[in-house]
Structures are given as structure tokens and as C-alpha cells.
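The structure appears right after this line, and notes come after that.
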Amino acid sequence: MNGTPTRTLQADVVIAGSGPGGATVARELSRKGKKVIVCEAGKYHKWFGYTLSTVNMLDRKGMSFSREGNWIVSGRTVGGGSVVYGGVAFKPPEWLREKYGIDLEEEVDEFYDEVPIGPLPDSHIGPGARKIMEAARKMGLDWKPVDRLIRAEKCKPDCDQCMSGCKEGAKWTAREFLEEAIGHGSQLLVQTEVERVLTESGDAVGVRARGPEGSMDILADTVIVSAGGFGSPRVLQRSGLYEAGQGCAVDFGRYVVGPSRTHNPRKEIPATTGASFLEEGLILLSAAPKSMMYAGLLGLSGPSGWARLPKVLQTGKTLGILMMTKDRVEGRVNADGSFSKPIDEDCWAKLNKGTVIAEQILQGAGVRREDLTALTCFAAHQVASVRIGGLLDNDCQTPIKRCYCMDASVIPEEWGLPPVVTTVSLAKRLAKHLTASVETKVAAQNPA
Ligand SMILES: Cc1cc2nc3c(=O)[nH]c(=O)nc-3n(C[C@H](O)[C@H](O)[C@H](O)COP(=O)(O)OP(=O)(O)OC[C@H]3O[C@@H](n4cnc5c(N)ncnc54)[C@H](O)[C@@H]3O)c2cc1C
């Protein structure tokens with residue numbers, strides 16, 4: 001991305017990326033009267049509710065593979081991954097405070113007050129999820145409704161489109177915070193990719209970006225890189241911070257599915273119930289992939305999967321369990337867009353353990369053993385590529401002064417949890433830090 005900038009814009013704060021991290025900082029700072037410009041590389045997609053809508057909103061249309069061939073998905077649209085995510089909420093683990101001194105209790109409470117986060121009511125838990133919950137409980141598992149970032153009153157119990165954008169507007173997405181920021185005077189530049197951070201004498205002074213009208217410089221007192229777990233390290237590497245992206249973590253996932261002989265085949269909301277084995281880095285949720293994703297996952301499973309493709313026709317009757325497993329910080333995100341992310345033996349052991357538990361539950365729920373299929377692995381939840389305590393200080397400032405990083409990439413270690421609640425809370429914490437520093441500076445300049 002080269003070229004002489006055709007125009008220059010000016011703001012107090014410029015943010016690269018509009019996912020949960022970037023949108024939250026934009027909203028919090030604009031509420032305090034800051035002039036914020038948010039640059040988002042993706043489009044403002046509005047066509048929601050179909051599998052193809054999801055594909056459109058994924059980075060590289062979902063075709064993003066590590067050098068080792070592992071399939072890893074992330075969002076590339078206004079609102080980032082939150083537009084295509086499942087809306088499953090988990091609070092940050094205790095170790096973040098104990099080990100890193102990052103206490104997010106106040107920020108998490110704020111977020112839970114702003115968005116109705118909690119389990120969906122019984123009326124929204126479908127027959128498949130109930131059957132799975134019953135079977136899991138019979139096995140002695142603590143399987144229960146999980147917290148969702150979904151407004152039940154807007155959510156339709158027979159809709160399974162959470163990950164296609166949610167056309168009902170029931171699922172919280174970062175677009176809500178962005179729209180609020182815009183209401184407070186922030187500017188959103190879509191299809192505008194930040195190339196690098198501009199510096200003068202080691203301090204950030206803005207960013208160079210490329211939008212539909214060409215290259216531009218956006219000058220600002222504070223730069224926040226919020227381009228996501230794989231996007232932020234690339235911007236920072238292009239800005240001379242080569243350590244960014246050295247190591248990263250994801251959560252590897254896999255569906256185990258099978259046709260049910262008894263289950264009512266109507267559509268239902270995915271991921272309403274589940275069980276977590278947090279010590280072991282394993283979460284199981286009641287969820288079956290939708291038909292196109294099911295076909296895609298079977299296609300990627302090789303000859304054994306292809307033989308099962310006809311079963312896709314029965315997908316309406318499919319019971320399924322989705323597992324997410326904790327990875328380890330390993331691999332590398334490169335500025336040229338490539339990345340390395342192997343699955344290590346430990347992660348395979350967790351996936352295998354999750355598969356055995358899922359198969360037992362599904363058999364208990366009425367799926368025949370010979371019909372069970374463990375689909376190919378994929379990953380999401382990119383974290384720990386620009387880590388607090390590594391490249392970042394405790395306030396998420398990079399070695400470039402006044403350049404901060406704020407998104408899931410700042411999470412300091414491998415995670416094993418849905419990251420949105422923590423990312424939003426970290427972003428609220430950064431916004432408080434930035435406004436507190438300005439207030440202290442103003443007070444020092446005007447002691448009276
Ligand atoms: C299918 C799926 C399901 C998921 N389900 C859940 C779930 O149930 N619960 C949960 O908590 N999490 C879930 N996640 C993960 C969650 O979506 C992410 O953790 C979260 O969105 C990360 O937020 P972020 O702020 O790090 O940035 P992202 O959401 O990754 O957003 C970064 C944004 O920056 C933009 N960008 C990239 N490079 C540039 C650049 N150079 N200049 C400008 N813009 C740029 C991208 O286009 C993107 O829009 C899911 C993810 C996926 C893909």
C-alpha cells in the first residue's frame with residue numbers, strides 16, 4: 001500500500017478497526033467529547049440472515065488457512081467479528097487480575113448493565129438443546145443455559161441465524177456502540193484500511209490509510225490499533241514493531257453431529273446451553289452447523305466426509321455439539337497476510353476428549369453410534385498476538401508513545417473462552433485511562 005496521500009484529516013483519536021475493541025473505545029471517548037475517526041477495512045454489509053451473508057462478512061470470504069492448513073475465521077465488516085459471532089458471553093477469568101493486576105469487575109458490570117446479557121428464557125431453548133441437556137445431565141455433567149448477548153424480546157425461538165448478522169436486531173453487535181459514537185460526532189470511514197502508524201520523534205501522530213478515494217493521512221493525538229487478533233499485529237509490523245504477531249493463540253473448534261431419530265426438525269437458536277471444563281480448556285455447546293456450513297465442513301473432512309455428504313439433506317434433523325478448546329501461544333502472524341498456526345498434541349488431546357464426551361451425549365439423546373460424525377476442525381477467537389506484558393505495557397500502550405492497541409490481540413495468554421465480554425471491558429478500561437490522563441494533564445496546567 002503506497003502512494004502520496006491525497007488528503008489529510010484531523011481528529012483527537014484515530015482508531016484502526018471497528019470490532020468490539022475499536023467500537024467500544026470510540027463510543028466511550030466520543031461520549032467524553034473527543035473527535036474520533038474510525039477506519040474500517042470492511043464494508044457496511046446490511047444483507048443479513050443467510051449463510052451467504054456470513055461468508056460475505058468474513059475475512060477472505062472465510063477462506064483463510066494457516067501455513068499448516070488450519071482453517072481460521074474472523075470478521076471483516078463494520079462491527080468486526082461481532083456481526084458474525086454467536087453472542088455467547090463469558091466473564092474474564094480470575095487469573096487476569098491475580099496474575100496481571102487487571103481488574104475488570106467494574107467494566108464487566110457496566111457492560112452487563114448496558115446490554116441484557118444472560119441465559120435465554122426457557123421459551124427460546126429448542127427441543128434439540130433440551131434433549132442434549134437432558135442426556136448430558138444424565139451423565140452427571142453440569143450442562144445448563146449459557147449467557148448470551150441477545151435481547152430475548154427481539155429474538156425468535158425458531159430462528160437459527162445468529163451468525164448471519166441477526167436480522168431481528170436481537171444480538172448485540174459492536175455496530176450499536178459505533179452508531180452511538182457517530183451520534184456523538186465520531187466519523188466512520190468504511191472500506192478504509194490503515195496501512196501504518198505515522199510517527200514523529202518516536203511519538204504517534206496519526207495513521208496512513210487507503211480508502212475508496214485513495215491514500216490519506218489522518219493526524220491525531222492518540223492512535224488506537226483495533227484491527228483484531230490477526231489485523232493489529234500486521235498494522236504494527238508495518239509500523240516497525242516487528243515483535244507484534246510473534247506468537248498468537250486461537251480457540252480450535254469442532255462440531256460432532258448426527259441425525260436424530262426422534263428430534264423435531266424445526267430450526268432452533270444455536271448455543272443456548274452448554275457445559276464448560278475451564279480448568280481443562282474445553283467448552284461444549286448445543287449447536288449444529290447450518291446446511292451450507294455443514295456441507296463445507298464435510299467437504300473439508302476429505303474422503304470420509306465426502307461419503308457422508310448425502311446426510312446434509314437430513315441436516316434439519318441433525319443434533320449437534322460444538323466444542324471450543326484452548327490453544328497455546330505459538331505460530332506467527334505476518335505483515336504479508338500469511339500466518340502460521342499449528343495444532344499441537346495437547347490441543348488434539350482436548351479435541352479428542354471433547355469428541356468422546358459429545359458422542360456419548362448425542363447417543364444419550366438418540367443418535368445412533370454409526371451415524372455420529374466429528375467434522376473437520378476450524379478456529380476463531382484470535383487472541384494474544386500483541387500481548388499485555390509483552391509488547392504492550394499494562395495500559396496497552398505500544399513502544400510507540402501515544403499508540404495503543406485495543407482488541408482481543410492484547411489478551412496476554414492463550415484464552416479458551418469467547419473473548420467479546422473481556423475485549424469490551426478492556427476497551428472501557430483503556431478509555432477511562434485515556435480520559436483520566438487528559439484530565440490530570442489539564443488539571444496540572446490549570447491548578448486554579
Ligand atoms: C464465527 C464466529 C463466532 C464467534 N462466536 C463468538 C461468541 O459466541 N462469543 C464471543 O465472545 N466471541 C465470539 N467470536 C469471537 C469474536 O467475534 C471476536 O473475538 C471479536 O470480534 C474480536 O474483537 P476485536 O475487537 O478483537 O476485533 P475484530 O472483531 O476482529 O474486528 C477487527 C476489525 O478490524 C478490521 N481491520 C482489520 N485490519 C484493518 C486495517 N488495517 N485497517 C482498518 N480496519 C482493519 C477488520 O475488518 C475487522 O472488522 C466468534 C468469532 C467468529 C468468527
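Lettering and numbering for the C-alpha cells are positional, with chains as A, B, ... in the shown order, residues counted from 1 in each chain, and ligands counted from 1 in the shown order.
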
Within 7 Å of ligand 1 (only C-alpha atoms and all ligand atoms), residues as number ranges by chain: A: 16-22, 39-42, 73-82, 84-90, 163, 192-195, 226-229, 231-232, 235, 380-382, 406-409, 418-421, 423

Excluding same-chain residues fewer than 3 positions from segment 367-375 of chain A, what lies within 7 Å of it counting only C-alpha atoms, as a ChimeraX atom specification? /A:254-261,297-298,301,359,362-363

Saved selection, atoms kept: C-alpha atoms, as a short mmCIF file (atom, residue, chain, number, x, y, z; two decimals), in the first residue's frame:
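Written out: part_26.cif:
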data_model
loop_
_atom_site.label_atom_id
_atom_site.label_comp_id
_atom_site.auth_asym_id
_atom_site.auth_seq_id
_atom_site.Cartn_x
_atom_site.Cartn_y
_atom_site.Cartn_z
CA ARG A 254 -15.18 -28.88 16.09
CA TYR A 255 -18.76 -29.97 15.62
CA VAL A 256 -19.89 -33.51 16.39
CA VAL A 257 -23.20 -34.19 14.69
CA GLY A 258 -25.66 -36.93 13.89
CA PRO A 259 -29.21 -37.31 12.61
CA SER A 260 -31.76 -37.70 15.35
CA ARG A 261 -34.45 -40.35 15.09
CA LEU A 297 -17.09 -28.82 6.84
CA LEU A 298 -17.82 -32.29 5.44
CA SER A 301 -13.04 -33.51 6.01
CA GLU A 359 -20.53 -38.56 21.15
CA LEU A 362 -25.53 -37.40 21.43
CA GLN A 363 -26.04 -41.15 21.75
#

Leaving out Ala152 of chain A and any residue of its chain fewer than 2 positions from it, which residues lie within 7 Å of it when counting only C-alpha atoms, given as number ranges by chain? A: 120, 150, 154-155, 170

Please produce a file of the residues just selected, as a tab-separated table (two decimals), in the first residue's frame, where the atoms kept are N, CA and C atoms.
chain	number	residue	atom	x	y	z
A	120	LEU	N	-30.93	-17.26	27.83
A	120	LEU	CA	-32.22	-17.01	27.19
A	120	LEU	C	-33.32	-17.73	27.98
A	150	ILE	N	-27.90	-11.42	23.85
A	150	ILE	CA	-29.10	-11.41	23.00
A	150	ILE	C	-30.30	-10.87	23.77
A	154	LYS	N	-36.56	-9.59	21.35
A	154	LYS	CA	-36.47	-9.40	19.89
A	154	LYS	C	-36.13	-10.71	19.17
A	155	CYS	N	-35.72	-11.72	19.93
A	155	CYS	CA	-35.17	-12.95	19.34
A	155	CYS	C	-36.29	-13.95	19.07
A	170	ALA	N	-31.62	-8.65	17.48
A	170	ALA	CA	-31.67	-9.12	18.87
A	170	ALA	C	-30.27	-9.28	19.46

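Straight-line separation from atom CA of Phe277 of chain A to atom CA of Leu141 of chain A: 10.0 Å.
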
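Ranking A:Leu236, A:Leu392, A:Ala427, A:Ile37 by their shortest atom-to-atom distance to Ile15 of chain A, with only C-alpha atoms included, puts A:Ile37 first.
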
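Looking only at segment 116-150 of chain A, the set that DSSP places in helix (DSSP H, G or I) from backbone geometry is A:Asp122, A:Ser123, A:His124, A:Pro127, A:Gly128, A:Ala129, A:Arg130, A:Lys131, A:Ile132, A:Met133, A:Glu134, A:Ala135, A:Ala136, A:Arg137, A:Lys138.
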
Next, the residues of the selection above should be written as a PDB file, in the first residue's frame with N, CA and C atoms.
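again-v3.pdb, written as the output of this step:
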ATOM      1  N   ASP A 122     -36.613 -20.085  28.917  1.00  0.00           N
ATOM      2  CA  ASP A 122     -36.964 -21.457  28.501  1.00  0.00           C
ATOM      3  C   ASP A 122     -37.642 -21.497  27.134  1.00  0.00           C
ATOM      4  N   SER A 123     -38.465 -20.457  26.863  1.00  0.00           N
ATOM      5  CA  SER A 123     -39.209 -20.433  25.594  1.00  0.00           C
ATOM      6  C   SER A 123     -38.270 -20.408  24.387  1.00  0.00           C
ATOM      7  N   HIS A 124     -37.010 -20.003  24.598  1.00  0.00           N
ATOM      8  CA  HIS A 124     -36.054 -19.878  23.495  1.00  0.00           C
ATOM      9  C   HIS A 124     -35.074 -21.048  23.424  1.00  0.00           C
ATOM     10  N   PRO A 127     -36.059 -27.797  21.175  1.00  0.00           N
ATOM     11  CA  PRO A 127     -36.175 -29.201  21.568  1.00  0.00           C
ATOM     12  C   PRO A 127     -34.855 -29.969  21.472  1.00  0.00           C
ATOM     13  N   GLY A 128     -34.030 -29.627  20.477  1.00  0.00           N
ATOM     14  CA  GLY A 128     -32.735 -30.316  20.334  1.00  0.00           C
ATOM     15  C   GLY A 128     -31.839 -30.005  21.527  1.00  0.00           C
ATOM     16  N   ALA A 129     -31.747 -28.720  21.876  1.00  0.00           N
ATOM     17  CA  ALA A 129     -30.900 -28.312  23.004  1.00  0.00           C
ATOM     18  C   ALA A 129     -31.387 -28.947  24.301  1.00  0.00           C
ATOM     19  N   ARG A 130     -32.698 -29.089  24.428  1.00  0.00           N
ATOM     20  CA  ARG A 130     -33.264 -29.709  25.643  1.00  0.00           C
ATOM     21  C   ARG A 130     -32.884 -31.177  25.732  1.00  0.00           C
ATOM     22  N   LYS A 131     -32.971 -31.845  24.591  1.00  0.00           N
ATOM     23  CA  LYS A 131     -32.654 -33.274  24.545  1.00  0.00           C
ATOM     24  C   LYS A 131     -31.195 -33.482  24.940  1.00  0.00           C
ATOM     25  N   ILE A 132     -30.333 -32.616  24.392  1.00  0.00           N
ATOM     26  CA  ILE A 132     -28.897 -32.713  24.683  1.00  0.00           C
ATOM     27  C   ILE A 132     -28.653 -32.426  26.173  1.00  0.00           C
ATOM     28  N   MET A 133     -29.339 -31.410  26.690  1.00  0.00           N
ATOM     29  CA  MET A 133     -29.154 -31.047  28.108  1.00  0.00           C
ATOM     30  C   MET A 133     -29.582 -32.218  29.000  1.00  0.00           C
ATOM     31  N   GLU A 134     -30.698 -32.824  28.643  1.00  0.00           N
ATOM     32  CA  GLU A 134     -31.213 -33.961  29.425  1.00  0.00           C
ATOM     33  C   GLU A 134     -30.202 -35.106  29.435  1.00  0.00           C
ATOM     34  N   ALA A 135     -29.672 -35.424  28.229  1.00  0.00           N
ATOM     35  CA  ALA A 135     -28.719 -36.539  28.114  1.00  0.00           C
ATOM     36  C   ALA A 135     -27.427 -36.222  28.873  1.00  0.00           C
ATOM     37  N   ALA A 136     -26.957 -34.978  28.775  1.00  0.00           N
ATOM     38  CA  ALA A 136     -25.699 -34.595  29.444  1.00  0.00           C
ATOM     39  C   ALA A 136     -25.874 -34.656  30.957  1.00  0.00           C
ATOM     40  N   ARG A 137     -27.036 -34.203  31.429  1.00  0.00           N
ATOM     41  CA  ARG A 137     -27.278 -34.227  32.884  1.00  0.00           C
ATOM     42  C   ARG A 137     -27.359 -35.657  33.403  1.00  0.00           C
ATOM     43  N   LYS A 138     -27.932 -36.543  32.584  1.00  0.00           N
ATOM     44  CA  LYS A 138     -27.998 -37.963  32.987  1.00  0.00           C
ATOM     45  C   LYS A 138     -26.595 -38.518  33.168  1.00  0.00           C
TER      46      LYS A 138
END

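Of the residues listed (A:Pro5, A:Pro145, A:Gly62, A:Pro399), A:Pro399 shows the shortest atom-to-atom separation from Tyr242 of chain A; distances use only C-alpha atoms.
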
Identify all residues of segment 25-81 of chain A in strand (DSSP E or B) (DSSP on the backbone) and supply them as a PyMOL selection string. chain A and resi 36-39+43+58+65+71-72+75+77

Keeping only C-alpha atoms, write the selected residues as a compact mmCIF listing (two decimals), in the first residue's frame.
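File part.txt, as written:
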# COMPACT_ATOMS: atom_id res chain seq x y z
CA VAL A 36 -12.84 10.26 16.89
CA ILE A 37 -12.29 8.86 13.39
CA VAL A 38 -12.72 5.08 12.99
CA CYS A 39 -11.24 3.44 9.88
CA LYS A 43 -17.82 -2.82 4.07
CA LEU A 58 -15.73 -12.99 6.80
CA PHE A 65 -5.90 -21.00 6.19
CA TRP A 71 -8.95 -23.08 8.87
CA ILE A 72 -9.31 -19.88 10.91
CA GLY A 75 -14.99 -10.93 10.62
CA THR A 77 -17.15 -5.85 8.16

Residue contacts of Tyr100 of chain A (8 Å, only C-alpha atoms) excluding same-chain residues fewer than 4 positions away, as a PyMOL selection string: chain A and resi 95-96+389

Output N, CA and C atoms for every residue in the selection just made, as a PDB file, in the first residue's frame.
ATOM      1  N   TRP A  95      -7.710 -15.256  36.849  1.00  0.00           N
ATOM      2  CA  TRP A  95      -6.249 -15.148  36.732  1.00  0.00           C
ATOM      3  C   TRP A  95      -5.791 -13.848  36.083  1.00  0.00           C
ATOM      4  N   LEU A  96      -6.709 -13.174  35.347  1.00  0.00           N
ATOM      5  CA  LEU A  96      -6.317 -11.922  34.704  1.00  0.00           C
ATOM      6  C   LEU A  96      -5.990 -10.864  35.775  1.00  0.00           C
ATOM      7  N   GLY A 389       1.972  -7.054  28.766  1.00  0.00           N
ATOM      8  CA  GLY A 389       3.096  -7.701  29.462  1.00  0.00           C
ATOM      9  C   GLY A 389       4.155  -8.194  28.481  1.00  0.00           C
TER      10      GLY A 389
END

10 Å contact set for segment 203-215 of chain A, only C-alpha atoms, chain neighbours under 5 positions out, as a PyMOL selection string: chain A and resi 1-16+39-41+189-198+220-225+235+239+398-404

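For Glu176 of chain A, the residues within 10 Å (counting only C-alpha atoms, excluding itself and residues fewer than 5 positions away along the chain) are A:Pro20, A:Ala23, A:Thr24, A:Arg27, A:Gly79, A:Gly169, A:Ala181, A:Ile182.
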